Amino acid sequence: MLTFIIRRLLTAIPTLVLISLIIFLLLDLAPGDPLADQPLSIPPEVRQRMRDALGLDSPAYIRYLLWAKQFFWVEPLYFIDWLAGTNFADGMQRIVSWQFRAPVFDIIVQRIPQTLWVVGLAYLVGVMIALPIGIISAYKQYSWFDQLGTFVSMIGFSVPPFFSGVLMIVFFAIMLPWFPSIYDTTLVVNDFESLGKQIRQMTLPVLVLSLQTTAQLSRFMRASMLDNLNHDYVRTARAKGMTEKVVVLVHVLRNSLIPVVTVIALGIPSIFGGAIITEQIFKVNGLGQLLITAIYANDLPMVQTLAFIFAVLIVACNLIADMLYGLLDPRIRYD
Amino acid sequence: MTDAPVATVPAKPDTSGRSQWWDVWDQFKTHKGALFGAAVFGFIVLSVTIGPLLWTIEPTYIDIRSRNVGPSLAHPFGTDQLGRDILARMMAGGQVSIAVGLTAMLISVVLGAFIGVVAGFFRKLDTFLMGLTNLFLALPLLPLLLVMVMLFRETLARSFGPEMGTFILIVSAIGITSWMQTARIVRGEVLALKEREFVLAARSIGTPSRRMILRHILPNVLSPIMVSATLGIATAIITESALSFLGLGFPPDFPTWGRLLFDAIDYLQQYPERVFWPGLAISLTVLSVNYIGDGLRDALDPRIRGR
């Protein structure tokens, strides 16, 4: 198992390097000029010096290596400095966003809480709803509950978040003014009233996102339960005289959760991708919205860094899913 | 031994009586959802292709005096902020959306099937091609799609015109970012098929690899390819709409369902019903296609068929 983990970690490194290179090369084709919005009164030699300072005229591989050094070396050092109060990174150039004129990671750190609150909570809610639905659907296969579950998850598959989100706004923010349609990031939660406000403004985006999660996971849970319900050990457990509750909720559920847990791990990055749209609808200024504005503003360092962070998330979650599978299922042996 | 004529496409087995496609159809018929989905999808395709011939208002015709009109006989879905007929725009948008879905699906399925078959059949290429597939699976696709559209829109619009350029861009961008699942499934099937006796028999009489793939492997992996093709239409339509929704899709005078939805958001407070039609069209199309895929999966599986 340990050798497997080490091997997977080692193969993850070239993958990530390749991905960062692909993103970099793609962005390198961008036609925009980061100095285009500077005043025209700047003399050409000063403009040239600004270009030199940003390193815009150096060859592509130098710029890539510079970005890689900043991402993999300087930024972690800054993080250590911030944690431990040391001065390792003094005088080193960080990755600077062209539109905010501030270090990219400072802005990302500002945006992460919103994304994590909304997206993370939505994922949690989705999982909490999906698992019971999947269990009951499988146990009562072809019952009305199962049919309803199939239908609802088909709808969850088919209705894209940009439609379900807008529908939620129409119904629950315009027709029935229960929830706000815009997420207010400046809200400070310090008493019960503001907590209520926070919960209310989170309800709609969380609902939209968790509908997607529920649709996929409940189908998966159902299939996995159905797989296990026909096994011999279930009959044995029943024959031993165990109650139906113990058979289903202890014996079958534990075994069926194995593939589902890996799917849950695999779904985490995709929920960040889906959150780009949901954040745009509800004006949550999280990571997805940051990426969209950076793409519009031609802020290449920001786009590069964010896209790469998403890629790291995907690779890391794949790794976690593989490891979980090996840990949970004794039949799987990596060697 | 005579040389058999090379079939370039997997031909229907020429049995007298009934071909296997009748069995497939018989099984497909028993799946109520799939049948219903096929009917709805057929209706949508027909209404966006034949509809504009019957409903002859130009989707780009601006009638500023009758703008923001509610549903009436002259405009069953009403008109938008420039007085353009929403029904006509819906049909024009549907043509583009479905065309994008079909073309992007075709690209991704051809790419995925090719890579899957080659990776499964030739052991030497397997490591490289599956590495490529896994690399693509690890890419953050939606951000990259957005970046691609942002970067190449101008260039392609200049050489092919704004509509055609965007169409080519979006279709190829979706196509080359969605072939991985097909490739994986097809590779798995090919790997299993390679161990079967009929492949060994074919190899032992000296069948060359090309004919082996075309005559023996491809017809046998046709069913997973067809299922993922069906589901590919749905994903492609959703992805295109998502791009349009983020304002990075087709130009505003060239409506697609996603674009119509995006434009209607600005008038959400005054005319919430305007969001409804394009969203419903997207959802219904995707839902029906998903049900068709579901039914097709059962119908093409010979183990389920005939029970």
# chains A, B, ... in the order shown; residues from 1 in each chain; ligands from 1

$ residues_around --residues "B:Arg203" --least-positions-apart "6" --cutoff "10 Å" --atoms "only C-alpha atoms" --output "VMD selection string"
chain B and resid 197 209 212

$ interface_residues --of "chain A" --to "chain B" --cutoff "9 Å" --atoms "only C-alpha atoms" --output "ChimeraX atom specification"
/A:15-16,18-19,23,26-27,29-32,154-155,157-164,166-167,169-170,174,269-270,273-274,276-277,280,288,291-292,295-296,303,306-315,318

$ write_last_selection --atoms "N, CA and C atoms" --output "compact mmCIF listing (two decimals), in the first residue's frame"
# COMPACT_ATOMS: atom_id res chain seq x y z
N THR A 15 2.48 14.60 -14.12
CA THR A 15 1.16 15.00 -14.59
C THR A 15 0.91 16.47 -14.32
N LEU A 16 1.19 16.88 -13.08
CA LEU A 16 0.93 18.27 -12.72
C LEU A 16 1.83 19.22 -13.50
N LEU A 18 3.04 18.72 -16.47
CA LEU A 18 2.51 18.78 -17.84
C LEU A 18 1.27 19.67 -17.90
N ILE A 19 0.38 19.51 -16.91
CA ILE A 19 -0.84 20.30 -16.92
C ILE A 19 -0.51 21.78 -16.82
N ILE A 23 -1.51 24.61 -19.59
CA ILE A 23 -2.24 25.84 -19.28
C ILE A 23 -1.41 27.05 -19.68
N LEU A 26 -1.25 27.49 -23.46
CA LEU A 26 -2.53 27.97 -23.97
C LEU A 26 -2.68 29.46 -23.71
N LEU A 27 -2.32 29.87 -22.49
CA LEU A 27 -2.47 31.28 -22.14
C LEU A 27 -1.44 32.14 -22.86
N LEU A 29 -0.79 32.13 -25.82
CA LEU A 29 -1.32 32.57 -27.10
C LEU A 29 -2.22 33.78 -26.97
N ALA A 30 -2.51 34.17 -25.73
CA ALA A 30 -3.47 35.26 -25.52
C ALA A 30 -2.99 36.53 -26.21
N PRO A 31 -3.91 37.18 -26.96
CA PRO A 31 -3.51 38.35 -27.72
C PRO A 31 -3.37 39.62 -26.88
N GLY A 32 -3.93 39.65 -25.68
CA GLY A 32 -4.01 40.90 -24.93
C GLY A 32 -2.66 41.40 -24.44
N MET A 154 -33.09 12.07 -12.61
CA MET A 154 -33.00 12.38 -14.03
C MET A 154 -33.14 13.88 -14.25
N ILE A 155 -34.07 14.48 -13.50
CA ILE A 155 -34.23 15.93 -13.62
C ILE A 155 -32.98 16.64 -13.14
N PHE A 157 -30.02 15.55 -13.28
CA PHE A 157 -29.02 15.41 -14.33
C PHE A 157 -29.26 16.41 -15.46
N SER A 158 -30.55 16.57 -15.80
CA SER A 158 -30.86 17.25 -17.05
C SER A 158 -31.02 18.75 -16.91
N VAL A 159 -31.47 19.22 -15.75
CA VAL A 159 -31.67 20.65 -15.61
C VAL A 159 -30.33 21.26 -15.22
N PRO A 160 -29.74 22.03 -16.12
CA PRO A 160 -28.42 22.59 -15.80
C PRO A 160 -28.51 23.62 -14.69
N PRO A 161 -27.43 23.83 -13.93
CA PRO A 161 -27.50 24.75 -12.79
C PRO A 161 -27.88 26.17 -13.19
N PHE A 162 -27.53 26.55 -14.43
CA PHE A 162 -27.88 27.93 -14.79
C PHE A 162 -29.36 28.09 -15.05
N PHE A 163 -30.09 26.97 -15.21
CA PHE A 163 -31.55 27.08 -15.30
C PHE A 163 -32.19 26.88 -13.94
N SER A 164 -31.75 25.84 -13.21
CA SER A 164 -32.36 25.60 -11.90
C SER A 164 -32.10 26.79 -10.98
N VAL A 166 -31.70 29.97 -11.84
CA VAL A 166 -32.55 31.08 -12.23
C VAL A 166 -34.00 30.81 -11.83
N LEU A 167 -34.43 29.55 -11.99
CA LEU A 167 -35.80 29.19 -11.58
C LEU A 167 -36.00 29.44 -10.09
N ILE A 169 -34.46 31.58 -8.30
CA ILE A 169 -34.56 33.02 -8.07
C ILE A 169 -35.96 33.50 -8.42
N VAL A 170 -36.49 33.00 -9.55
CA VAL A 170 -37.83 33.45 -9.96
C VAL A 170 -38.85 33.07 -8.89
N ILE A 174 -38.29 36.29 -6.31
CA ILE A 174 -39.12 37.32 -6.95
C ILE A 174 -40.59 37.09 -6.61
N PRO A 269 -13.70 17.94 -6.98
CA PRO A 269 -13.25 18.95 -7.94
C PRO A 269 -14.34 19.37 -8.92
N SER A 270 -15.18 18.42 -9.31
CA SER A 270 -16.21 18.80 -10.29
C SER A 270 -17.21 19.76 -9.69
N GLY A 273 -15.90 23.09 -10.23
CA GLY A 273 -16.15 23.52 -11.60
C GLY A 273 -17.59 23.98 -11.77
N GLY A 274 -18.53 23.19 -11.25
CA GLY A 274 -19.93 23.56 -11.35
C GLY A 274 -20.23 24.84 -10.60
N ILE A 276 -18.57 27.44 -10.57
CA ILE A 276 -18.28 28.64 -11.36
C ILE A 276 -19.58 29.26 -11.82
N ILE A 277 -20.48 28.41 -12.33
CA ILE A 277 -21.74 28.93 -12.86
C ILE A 277 -22.65 29.38 -11.73
N GLN A 280 -21.72 32.57 -10.32
CA GLN A 280 -22.05 33.66 -11.24
C GLN A 280 -23.53 34.04 -11.10
N GLY A 288 -14.72 30.74 -8.32
CA GLY A 288 -15.23 30.65 -9.68
C GLY A 288 -15.45 32.02 -10.29
N LEU A 291 -12.25 33.58 -11.19
CA LEU A 291 -11.70 33.06 -12.45
C LEU A 291 -12.37 33.73 -13.64
N ILE A 292 -13.70 33.85 -13.59
CA ILE A 292 -14.42 34.46 -14.71
C ILE A 292 -13.96 35.90 -14.91
N ILE A 295 -10.59 35.99 -16.44
CA ILE A 295 -10.56 35.68 -17.87
C ILE A 295 -11.02 36.89 -18.67
N TYR A 296 -12.08 37.54 -18.21
CA TYR A 296 -12.55 38.73 -18.91
C TYR A 296 -11.50 39.83 -18.92
N VAL A 303 -5.40 33.68 -13.97
CA VAL A 303 -6.04 32.55 -14.65
C VAL A 303 -5.15 31.32 -14.55
N LEU A 306 -5.15 29.97 -10.91
CA LEU A 306 -6.42 29.38 -10.51
C LEU A 306 -6.67 28.07 -11.25
N ALA A 307 -6.45 28.08 -12.58
CA ALA A 307 -6.68 26.87 -13.35
C ALA A 307 -5.78 25.75 -12.83
N PHE A 308 -4.56 26.11 -12.46
CA PHE A 308 -3.66 25.09 -11.96
C PHE A 308 -4.11 24.57 -10.60
N ILE A 309 -4.64 25.46 -9.78
CA ILE A 309 -5.14 25.00 -8.47
C ILE A 309 -6.29 24.01 -8.66
N PHE A 310 -7.18 24.30 -9.63
CA PHE A 310 -8.25 23.36 -9.92
C PHE A 310 -7.67 22.01 -10.35
N ALA A 311 -6.62 22.07 -11.17
CA ALA A 311 -6.01 20.82 -11.62
C ALA A 311 -5.41 20.05 -10.45
N VAL A 312 -4.76 20.77 -9.54
CA VAL A 312 -4.18 20.12 -8.36
C VAL A 312 -5.28 19.44 -7.56
N LEU A 313 -6.42 20.14 -7.42
CA LEU A 313 -7.55 19.55 -6.70
C LEU A 313 -7.98 18.24 -7.35
N ILE A 314 -8.09 18.24 -8.69
CA ILE A 314 -8.54 17.04 -9.38
C ILE A 314 -7.56 15.89 -9.13
N VAL A 315 -6.26 16.18 -9.32
CA VAL A 315 -5.26 15.12 -9.15
C VAL A 315 -5.27 14.61 -7.71
N ASN A 318 -8.30 12.44 -7.04
CA ASN A 318 -8.13 11.12 -7.65
C ASN A 318 -7.27 10.23 -6.77

$ closest_residue --among "A:Tyr325, A:Phe282, A:Trp73, A:Trp67" --to "A:Ile182" --atoms "only C-alpha atoms"
A:Phe282

$ residues_around --residues "stretch 97-104 of chain B" --least-positions-apart "5" --cutoff "7 Å" --atoms "only C-alpha atoms" --output "ChimeraX atom specification"
/B:171-172,174-175,233-234,236-237,256-257

$ write_last_selection --atoms "all heavy atoms" --output "PDB file, in the first residue's frame"
ATOM      1  N   VAL B 171     -17.597  23.975 -31.117  1.00  0.00           N
ATOM      2  CA  VAL B 171     -17.757  22.551 -31.403  1.00  0.00           C
ATOM      3  C   VAL B 171     -16.444  21.812 -31.191  1.00  0.00           C
ATOM      4  O   VAL B 171     -16.398  20.756 -30.536  1.00  0.00           O
ATOM      5  CB  VAL B 171     -18.271  22.380 -32.840  1.00  0.00           C
ATOM      6  CG1 VAL B 171     -17.986  21.005 -33.344  1.00  0.00           C
ATOM      7  CG2 VAL B 171     -19.747  22.653 -32.889  1.00  0.00           C
ATOM      8  N   SER B 172     -15.336  22.381 -31.704  1.00  0.00           N
ATOM      9  CA  SER B 172     -14.082  21.640 -31.551  1.00  0.00           C
ATOM     10  C   SER B 172     -13.601  21.695 -30.113  1.00  0.00           C
ATOM     11  O   SER B 172     -13.041  20.711 -29.610  1.00  0.00           O
ATOM     12  CB  SER B 172     -13.018  22.157 -32.519  1.00  0.00           C
ATOM     13  OG  SER B 172     -13.030  23.545 -32.573  1.00  0.00           O
ATOM     14  N   ILE B 174     -15.461  21.755 -27.385  1.00  0.00           N
ATOM     15  CA  ILE B 174     -16.217  20.760 -26.616  1.00  0.00           C
ATOM     16  C   ILE B 174     -15.791  19.360 -27.029  1.00  0.00           C
ATOM     17  O   ILE B 174     -15.599  18.472 -26.187  1.00  0.00           O
ATOM     18  CB  ILE B 174     -17.731  20.959 -26.819  1.00  0.00           C
ATOM     19  CG1 ILE B 174     -18.166  22.296 -26.252  1.00  0.00           C
ATOM     20  CG2 ILE B 174     -18.512  19.841 -26.146  1.00  0.00           C
ATOM     21  CD1 ILE B 174     -19.606  22.612 -26.484  1.00  0.00           C
ATOM     22  N   GLY B 175     -15.588  19.162 -28.341  1.00  0.00           N
ATOM     23  CA  GLY B 175     -15.213  17.838 -28.825  1.00  0.00           C
ATOM     24  C   GLY B 175     -13.914  17.343 -28.230  1.00  0.00           C
ATOM     25  O   GLY B 175     -13.830  16.210 -27.752  1.00  0.00           O
ATOM     26  N   ILE B 233     -24.411  13.973 -26.713  1.00  0.00           N
ATOM     27  CA  ILE B 233     -25.241  15.078 -27.207  1.00  0.00           C
ATOM     28  C   ILE B 233     -25.686  15.934 -26.033  1.00  0.00           C
ATOM     29  O   ILE B 233     -25.600  17.167 -26.062  1.00  0.00           O
ATOM     30  CB  ILE B 233     -26.480  14.550 -27.956  1.00  0.00           C
ATOM     31  CG1 ILE B 233     -26.067  13.696 -29.144  1.00  0.00           C
ATOM     32  CG2 ILE B 233     -27.346  15.693 -28.435  1.00  0.00           C
ATOM     33  CD1 ILE B 233     -27.244  13.081 -29.862  1.00  0.00           C
ATOM     34  N   ALA B 234     -26.147  15.259 -24.971  1.00  0.00           N
ATOM     35  CA  ALA B 234     -26.667  15.991 -23.812  1.00  0.00           C
ATOM     36  C   ALA B 234     -25.580  16.860 -23.184  1.00  0.00           C
ATOM     37  O   ALA B 234     -25.785  18.053 -22.938  1.00  0.00           O
ATOM     38  CB  ALA B 234     -27.224  15.010 -22.790  1.00  0.00           C
ATOM     39  N   ALA B 236     -22.856  17.975 -24.527  1.00  0.00           N
ATOM     40  CA  ALA B 236     -22.421  19.047 -25.420  1.00  0.00           C
ATOM     41  C   ALA B 236     -23.409  20.204 -25.384  1.00  0.00           C
ATOM     42  O   ALA B 236     -23.006  21.374 -25.333  1.00  0.00           O
ATOM     43  CB  ALA B 236     -22.270  18.515 -26.843  1.00  0.00           C
ATOM     44  N   ILE B 237     -24.707  19.886 -25.387  1.00  0.00           N
ATOM     45  CA  ILE B 237     -25.703  20.963 -25.356  1.00  0.00           C
ATOM     46  C   ILE B 237     -25.578  21.742 -24.054  1.00  0.00           C
ATOM     47  O   ILE B 237     -25.597  22.982 -24.043  1.00  0.00           O
ATOM     48  CB  ILE B 237     -27.124  20.383 -25.533  1.00  0.00           C
ATOM     49  CG1 ILE B 237     -27.299  19.896 -26.967  1.00  0.00           C
ATOM     50  CG2 ILE B 237     -28.176  21.421 -25.206  1.00  0.00           C
ATOM     51  CD1 ILE B 237     -28.636  19.283 -27.247  1.00  0.00           C
ATOM     52  N   THR B 256     -28.624  31.189 -29.345  1.00  0.00           N
ATOM     53  CA  THR B 256     -28.751  29.778 -28.997  1.00  0.00           C
ATOM     54  C   THR B 256     -29.593  29.755 -27.735  1.00  0.00           C
ATOM     55  O   THR B 256     -29.836  30.801 -27.137  1.00  0.00           O
ATOM     56  CB  THR B 256     -27.402  29.123 -28.685  1.00  0.00           C
ATOM     57  OG1 THR B 256     -26.898  29.675 -27.476  1.00  0.00           O
ATOM     58  CG2 THR B 256     -26.400  29.367 -29.780  1.00  0.00           C
ATOM     59  N   TRP B 257     -29.999  28.574 -27.295  1.00  0.00           N
ATOM     60  CA  TRP B 257     -30.845  28.524 -26.100  1.00  0.00           C
ATOM     61  C   TRP B 257     -30.116  29.120 -24.896  1.00  0.00           C
ATOM     62  O   TRP B 257     -30.712  29.861 -24.105  1.00  0.00           O
ATOM     63  CB  TRP B 257     -31.279  27.088 -25.833  1.00  0.00           C
ATOM     64  CG  TRP B 257     -32.335  26.611 -26.775  1.00  0.00           C
ATOM     65  CD1 TRP B 257     -33.221  27.401 -27.453  1.00  0.00           C
ATOM     66  CD2 TRP B 257     -32.627  25.269 -27.138  1.00  0.00           C
ATOM     67  NE1 TRP B 257     -34.042  26.629 -28.219  1.00  0.00           N
ATOM     68  CE2 TRP B 257     -33.706  25.307 -28.045  1.00  0.00           C
ATOM     69  CE3 TRP B 257     -32.091  24.044 -26.789  1.00  0.00           C
ATOM     70  CZ2 TRP B 257     -34.258  24.163 -28.604  1.00  0.00           C
ATOM     71  CZ3 TRP B 257     -32.638  22.904 -27.336  1.00  0.00           C
ATOM     72  CH2 TRP B 257     -33.712  22.960 -28.238  1.00  0.00           C
TER      73      TRP B 257
END

$ atom_distance --atom1 "atom CA of B:Arg196" --atom2 "atom CA of B:Ala113"
19.8 Å
